[in-house]
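K.L.:
Contents are mmCIF, C-alpha atoms, pLDDT in the B column; chains and numbers go by the auth columns; file name target-v4.cif:
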```cif
data_start
loop_
_atom_site.group_PDB
_atom_site.id
_atom_site.type_symbol
_atom_site.label_atom_id
_atom_site.label_comp_id
_atom_site.label_asym_id
_atom_site.label_seq_id
_atom_site.Cartn_x
_atom_site.Cartn_y
_atom_site.Cartn_z
_atom_site.B_iso_or_equiv
_atom_site.auth_seq_id
_atom_site.auth_asym_id
ATOM 1 C CA MET A 1 47.921 115.048 -136.127 45.00 1 Y
ATOM 2 C CA VAL A 2 44.701 115.873 -137.927 50.00 2 Y
ATOM 3 C CA GLY A 3 41.997 117.397 -135.746 57.00 3 Y
ATOM 4 C CA VAL A 4 38.414 116.247 -135.509 57.00 4 Y
ATOM 5 C CA PRO A 5 36.521 117.305 -138.633 58.00 5 Y
ATOM 6 C CA GLU A 6 33.760 119.865 -138.413 65.00 6 Y
ATOM 7 C CA PRO A 7 30.354 118.206 -138.026 64.00 7 Y
ATOM 8 C CA HIS A 8 28.016 118.270 -140.970 68.00 8 Y
ATOM 9 C CA THR A 9 24.388 119.203 -140.508 75.00 9 Y
ATOM 10 C CA GLY A 10 21.585 118.126 -142.785 81.00 10 Y
ATOM 11 C CA TRP A 11 21.334 115.156 -145.069 85.00 11 Y
ATOM 12 C CA THR A 12 23.635 113.989 -147.839 84.00 12 Y
ATOM 13 C CA PHE A 13 23.271 111.735 -150.866 87.00 13 Y
ATOM 14 C CA ILE A 14 26.232 109.496 -150.097 89.00 14 Y
ATOM 15 C CA THR A 15 26.729 107.476 -146.898 92.00 15 Y
ATOM 16 C CA ASN A 16 29.956 107.517 -144.926 95.00 16 Y
ATOM 17 C CA HIS A 17 30.431 103.843 -145.791 96.00 17 Y
ATOM 18 C CA ALA A 18 30.318 104.696 -149.507 94.00 18 Y
ATOM 19 C CA ARG A 19 32.731 107.606 -149.005 94.00 19 Y
ATOM 20 C CA VAL A 20 35.248 105.409 -147.192 97.00 20 Y
ATOM 21 C CA LEU A 21 34.944 102.666 -149.803 96.00 21 Y
ATOM 22 C CA ALA A 22 35.481 105.205 -152.593 95.00 22 Y
ATOM 23 C CA ALA A 23 38.584 106.590 -150.856 95.00 23 Y
ATOM 24 C CA ILE A 24 39.986 103.066 -150.632 96.00 24 Y
ATOM 25 C CA ALA A 25 39.097 102.354 -154.269 95.00 25 Y
ATOM 26 C CA ASP A 26 40.976 105.502 -155.218 94.00 26 Y
ATOM 27 C CA ASN A 27 44.087 104.360 -153.311 95.00 27 Y
ATOM 28 C CA PRO A 28 44.238 100.796 -151.895 96.00 28 Y
ATOM 29 C CA ASN A 29 47.218 101.736 -149.691 96.00 29 Y
ATOM 30 C CA VAL A 30 45.602 104.831 -148.168 96.00 30 Y
ATOM 31 C CA ARG A 31 46.085 105.429 -144.441 96.00 31 Y
ATOM 32 C CA ILE A 32 43.111 105.617 -142.087 96.00 32 Y
ATOM 33 C CA ARG A 33 44.232 109.120 -141.124 97.00 33 Y
ATOM 34 C CA ASP A 34 44.042 110.222 -144.770 96.00 34 Y
ATOM 35 C CA ILE A 35 40.635 108.596 -145.288 96.00 35 Y
ATOM 36 C CA ALA A 36 39.356 110.409 -142.208 96.00 36 Y
ATOM 37 C CA ALA A 37 40.608 113.769 -143.439 94.00 37 Y
ATOM 38 C CA HIS A 38 39.250 113.217 -146.954 92.00 38 Y
ATOM 39 C CA CYS A 39 35.821 112.041 -145.747 93.00 39 Y
ATOM 40 C CA ARG A 40 35.666 114.548 -142.867 92.00 40 Y
ATOM 41 C CA LEU A 41 35.275 111.773 -140.302 94.00 41 Y
ATOM 42 C CA THR A 42 37.198 110.819 -137.207 95.00 42 Y
ATOM 43 C CA GLU A 43 39.804 108.081 -137.466 97.00 43 Y
ATOM 44 C CA ARG A 44 37.759 105.982 -135.055 98.00 44 Y
ATOM 45 C CA ALA A 45 34.672 106.288 -137.286 97.00 45 Y
ATOM 46 C CA VAL A 46 36.730 105.204 -140.303 98.00 46 Y
ATOM 47 C CA GLN A 47 38.030 102.194 -138.361 98.00 47 Y
ATOM 48 C CA ARG A 48 34.455 101.168 -137.503 98.00 48 Y
ATOM 49 C CA ILE A 49 33.341 101.573 -141.114 98.00 49 Y
ATOM 50 C CA ILE A 50 36.270 99.515 -142.412 98.00 50 Y
ATOM 51 C CA SER A 51 35.409 96.846 -139.845 98.00 51 Y
ATOM 52 C CA ASP A 52 31.769 96.836 -141.035 98.00 52 Y
ATOM 53 C CA LEU A 53 32.848 96.535 -144.671 97.00 53 Y
ATOM 54 C CA GLU A 54 35.276 93.710 -143.885 98.00 54 Y
ATOM 55 C CA GLN A 55 32.772 91.855 -141.713 97.00 55 Y
ATOM 56 C CA ASP A 56 30.208 91.852 -144.535 96.00 56 Y
ATOM 57 C CA GLY A 57 32.738 90.809 -147.190 96.00 57 Y
ATOM 58 C CA TYR A 58 32.974 94.040 -149.180 96.00 58 Y
ATOM 59 C CA LEU A 59 36.587 94.652 -148.222 97.00 59 Y
ATOM 60 C CA SER A 60 39.654 92.771 -147.037 97.00 60 Y
ATOM 61 C CA HIS A 61 43.188 93.834 -146.235 97.00 61 Y
ATOM 62 C CA THR A 62 46.690 92.489 -146.018 97.00 62 Y
ATOM 63 C CA ARG A 63 49.310 93.964 -143.768 95.00 63 Y
ATOM 64 C CA ASP A 64 52.884 94.577 -144.876 91.00 64 Y
ATOM 65 C CA GLY A 65 54.812 96.046 -141.974 92.00 65 Y
ATOM 66 C CA ARG A 66 52.887 99.142 -140.945 91.00 66 Y
ATOM 67 C CA THR A 67 51.018 99.443 -144.246 93.00 67 Y
ATOM 68 C CA ASN A 68 47.593 98.032 -145.055 95.00 68 Y
ATOM 69 C CA THR A 69 46.688 97.176 -148.620 97.00 69 Y
ATOM 70 C CA TYR A 70 42.939 96.967 -149.081 97.00 70 Y
ATOM 71 C CA ARG A 71 41.088 94.852 -151.618 97.00 71 Y
ATOM 72 C CA ILE A 72 37.508 95.626 -152.567 97.00 72 Y
ATOM 73 C CA GLU A 73 35.244 92.796 -153.726 96.00 73 Y
ATOM 74 C CA PRO A 74 33.817 94.499 -156.853 94.00 74 Y
ATOM 75 C CA ASP A 75 31.186 91.837 -157.565 95.00 75 Y
ATOM 76 C CA ARG A 76 29.664 91.935 -154.089 95.00 76 Y
ATOM 77 C CA VAL A 77 26.104 93.261 -154.387 94.00 77 Y
ATOM 78 C CA LEU A 78 24.835 96.288 -152.480 92.00 78 Y
ATOM 79 C CA ARG A 79 22.831 95.592 -149.340 89.00 79 Y
ATOM 80 C CA HIS A 80 19.632 97.586 -149.801 88.00 80 Y
ATOM 81 C CA PRO A 81 16.755 95.780 -151.565 88.00 81 Y
ATOM 82 C CA ALA A 82 16.236 98.785 -153.869 88.00 82 Y
ATOM 83 C CA GLU A 83 19.692 98.126 -155.352 86.00 83 Y
ATOM 84 C CA ALA A 84 19.213 94.344 -155.549 83.00 84 Y
ATOM 85 C CA GLY A 85 21.782 92.850 -157.898 88.00 85 Y
ATOM 86 C CA LEU A 86 23.793 96.047 -158.321 92.00 86 Y
ATOM 87 C CA PRO A 87 27.484 95.332 -157.672 94.00 87 Y
ATOM 88 C CA VAL A 88 29.802 97.555 -155.648 93.00 88 Y
ATOM 89 C CA ALA A 89 31.805 98.203 -158.832 93.00 89 Y
ATOM 90 C CA SER A 90 28.838 100.077 -160.318 91.00 90 Y
ATOM 91 C CA LEU A 91 28.626 102.392 -157.327 90.00 91 Y
ATOM 92 C CA LEU A 92 32.368 102.980 -157.295 92.00 92 Y
ATOM 93 C CA SER A 93 32.394 103.804 -160.997 91.00 93 Y
ATOM 94 C CA LEU A 94 30.231 106.818 -160.113 88.00 94 Y
ATOM 95 C CA LEU A 95 32.226 107.879 -157.061 88.00 95 Y
ATOM 96 C CA VAL A 96 35.856 107.375 -158.073 85.00 96 Y
ATOM 97 C CA GLN A 97 37.309 109.642 -160.715 69.00 97 Y
ATOM 98 C CA ASP A 98 39.826 108.332 -163.165 58.00 98 Y
ATOM 99 C CA GLU A 99 43.261 109.888 -162.571 51.00 99 Y
ATOM 100 C CA THR A 100 43.273 111.436 -166.055 52.00 100 Y
ATOM 101 C CA GLU A 101 39.959 113.174 -165.354 61.00 101 Y
ATOM 102 C CA ARG A 102 41.162 114.426 -161.988 51.00 102 Y
ATOM 103 C CA ALA A 103 44.281 115.976 -163.505 53.00 103 Y
ATOM 104 C CA ARG A 104 42.188 117.936 -166.020 60.00 104 Y
ATOM 105 C CA LYS A 105 39.505 119.242 -163.647 60.00 105 Y
ATOM 106 C CA PRO A 106 40.256 122.073 -161.220 60.00 106 Y
ATOM 107 C CA VAL A 107 39.144 121.432 -157.638 53.00 107 Y
ATOM 108 C CA ALA A 108 35.946 123.336 -156.793 53.00 108 Y
ATOM 109 C CA GLN A 109 36.155 125.419 -153.648 49.00 109 Y
#
```
Take the structure from the file and write it as structure tokens.
P.N.:
Amino acid sequence: MVGVPEPHTGWTFITNHARVLAAIADNPNVRIRDIAAHCRLTERAVQRIISDLEQDGYLSHTRDGRTNTYRIEPDRVLRHPAEAGLPVASLLSLLVQDETERARKPVAQ
């Protein structure tokens, strides 16, 4: 079982909601446990974020046995008035690396 991630102090550019959405965009069958580890959040926090995203229509899921398959609504517009009209797909295009790019770039430590 994955432990609770270390807390982060200070501000960041990307919200936890955007991080979770990007992790799902990267792998629609990803487990909550893996999202939590990747985003350095607790599993409970990830569950709440997924619930928020589903409630507001940015995300839906289907269940097949014990596996969830998530579907992002790419044309749904971002919530903040400063991004009025900007679809989720535009944000995700900045946050999710193409697999070919990822294979070429070494992971920074």
K.L.:
Would you write out, as a count of residues only, every residue that the PyMOL selection byres ((chain Y and resi 30-36) around 12) captures in this file?
P.N.:
43
K.L.:
Selection in question (the file shown): the PyMOL selection byres ((chain Y and resi 75) around 12). Which residues does it include, as a ChimeraX atom specification?
P.N.:
/Y:57-59,71-74,76-78,85-92
K.L.:
Report, in Å with one decimal, the straight-line distance from CA of Ala82 in chain Y to CA of Asp56 in chain Y.
P.N.:
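Separating CA of Ala82 in chain Y from CA of Asp56 in chain Y is a distance of 18.2 Å.
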K.L.:
Please compute the CA of Gly10 in chain Y-CA of Leu94 in chain Y distance, one decimal, in Å.
P.N.:
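Here the two named atoms are 22.4 Å from each other.
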K.L.:
Could you state the separation of CA of Ser93 in chain Y and CA of Glu54 in chain Y in Å, given to one decimal place?
P.N.:
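Taking CA of Ser93 in chain Y as the start and CA of Glu54 in chain Y as the end point, the length is 20.1 Å.
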K.L.:
Around all of range 55-63 of chain Y's listed atoms, make the axis-aligned box with 5 Å on each side and tell me centre and edge lengths in Å to one decimal, as AutoDock Vina command-line options.
P.N.:
```
--center_x 39.8 --center_y 92.7 --center_z -145.4 --size_x 29.1 --size_y 13.8 --size_z 17.5
```
K.L.:
Please return range 54-72 of chain Y, rebuilt to N, CA, C and O atoms, as a CSV table (one decimal), keeping the file's coordinate frame.
P.N.:
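Just written: rebuild.csv:
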```
chain,number,residue,atom,x,y,z
Y,54,GLU,N,34.6,95.0,-143.9
Y,54,GLU,CA,35.3,93.7,-143.9
Y,54,GLU,C,34.4,92.6,-143.4
Y,54,GLU,O,34.4,91.5,-143.9
Y,55,GLN,N,33.6,92.9,-142.3
Y,55,GLN,CA,32.8,91.9,-141.7
Y,55,GLN,C,31.7,91.4,-142.7
Y,55,GLN,O,31.4,90.2,-142.7
Y,56,ASP,N,31.2,92.2,-143.6
Y,56,ASP,CA,30.2,91.9,-144.5
Y,56,ASP,C,30.8,91.4,-145.9
Y,56,ASP,O,30.0,91.2,-146.8
Y,57,GLY,N,32.1,91.4,-146.0
Y,57,GLY,CA,32.7,90.8,-147.2
Y,57,GLY,C,32.9,91.8,-148.4
Y,57,GLY,O,33.2,91.3,-149.5
Y,58,TYR,N,32.8,93.1,-148.1
Y,58,TYR,CA,33.0,94.0,-149.2
Y,58,TYR,C,34.4,94.4,-149.3
Y,58,TYR,O,34.9,95.0,-150.3
Y,59,LEU,N,35.2,94.2,-148.3
Y,59,LEU,CA,36.6,94.7,-148.2
Y,59,LEU,C,37.4,93.7,-147.4
Y,59,LEU,O,36.9,93.0,-146.5
Y,60,SER,N,38.7,93.5,-147.8
Y,60,SER,CA,39.7,92.8,-147.0
Y,60,SER,C,41.0,93.5,-147.1
Y,60,SER,O,41.1,94.5,-147.9
Y,61,HIS,N,41.9,93.2,-146.2
Y,61,HIS,CA,43.2,93.8,-146.2
Y,61,HIS,C,44.3,92.9,-145.9
Y,61,HIS,O,44.1,91.8,-145.3
Y,62,THR,N,45.5,93.2,-146.4
Y,62,THR,CA,46.7,92.5,-146.0
Y,62,THR,C,47.6,93.5,-145.4
Y,62,THR,O,47.6,94.7,-145.8
Y,63,ARG,N,48.4,93.1,-144.5
Y,63,ARG,CA,49.3,94.0,-143.8
Y,63,ARG,C,50.7,93.7,-144.2
Y,63,ARG,O,51.2,92.5,-144.1
Y,64,ASP,N,51.5,94.7,-144.5
Y,64,ASP,CA,52.9,94.6,-144.9
Y,64,ASP,C,53.6,95.6,-144.0
Y,64,ASP,O,53.6,96.8,-144.3
Y,65,GLY,N,54.2,95.1,-142.9
Y,65,GLY,CA,54.8,96.0,-142.0
Y,65,GLY,C,53.8,96.9,-141.3
Y,65,GLY,O,52.8,96.4,-140.7
Y,66,ARG,N,53.9,98.2,-141.5
Y,66,ARG,CA,52.9,99.1,-140.9
Y,66,ARG,C,51.9,99.6,-142.0
Y,66,ARG,O,51.0,100.5,-141.7
Y,67,THR,N,51.9,99.0,-143.2
Y,67,THR,CA,51.0,99.4,-144.2
Y,67,THR,C,49.9,98.4,-144.5
Y,67,THR,O,50.2,97.2,-144.6
Y,68,ASN,N,48.7,98.9,-144.6
Y,68,ASN,CA,47.6,98.0,-145.1
Y,68,ASN,C,47.4,98.2,-146.5
Y,68,ASN,O,47.4,99.3,-147.1
Y,69,THR,N,47.1,97.1,-147.2
Y,69,THR,CA,46.7,97.2,-148.6
Y,69,THR,C,45.3,96.6,-148.7
Y,69,THR,O,45.1,95.4,-148.3
Y,70,TYR,N,44.3,97.4,-149.1
Y,70,TYR,CA,42.9,97.0,-149.1
Y,70,TYR,C,42.6,96.4,-150.4
Y,70,TYR,O,43.1,96.8,-151.5
Y,71,ARG,N,41.6,95.4,-150.4
Y,71,ARG,CA,41.1,94.9,-151.6
Y,71,ARG,C,39.6,94.9,-151.5
Y,71,ARG,O,39.0,94.4,-150.6
Y,72,ILE,N,39.0,95.5,-152.5
Y,72,ILE,CA,37.5,95.6,-152.6
Y,72,ILE,C,37.0,94.5,-153.4
Y,72,ILE,O,37.6,94.1,-154.4
```
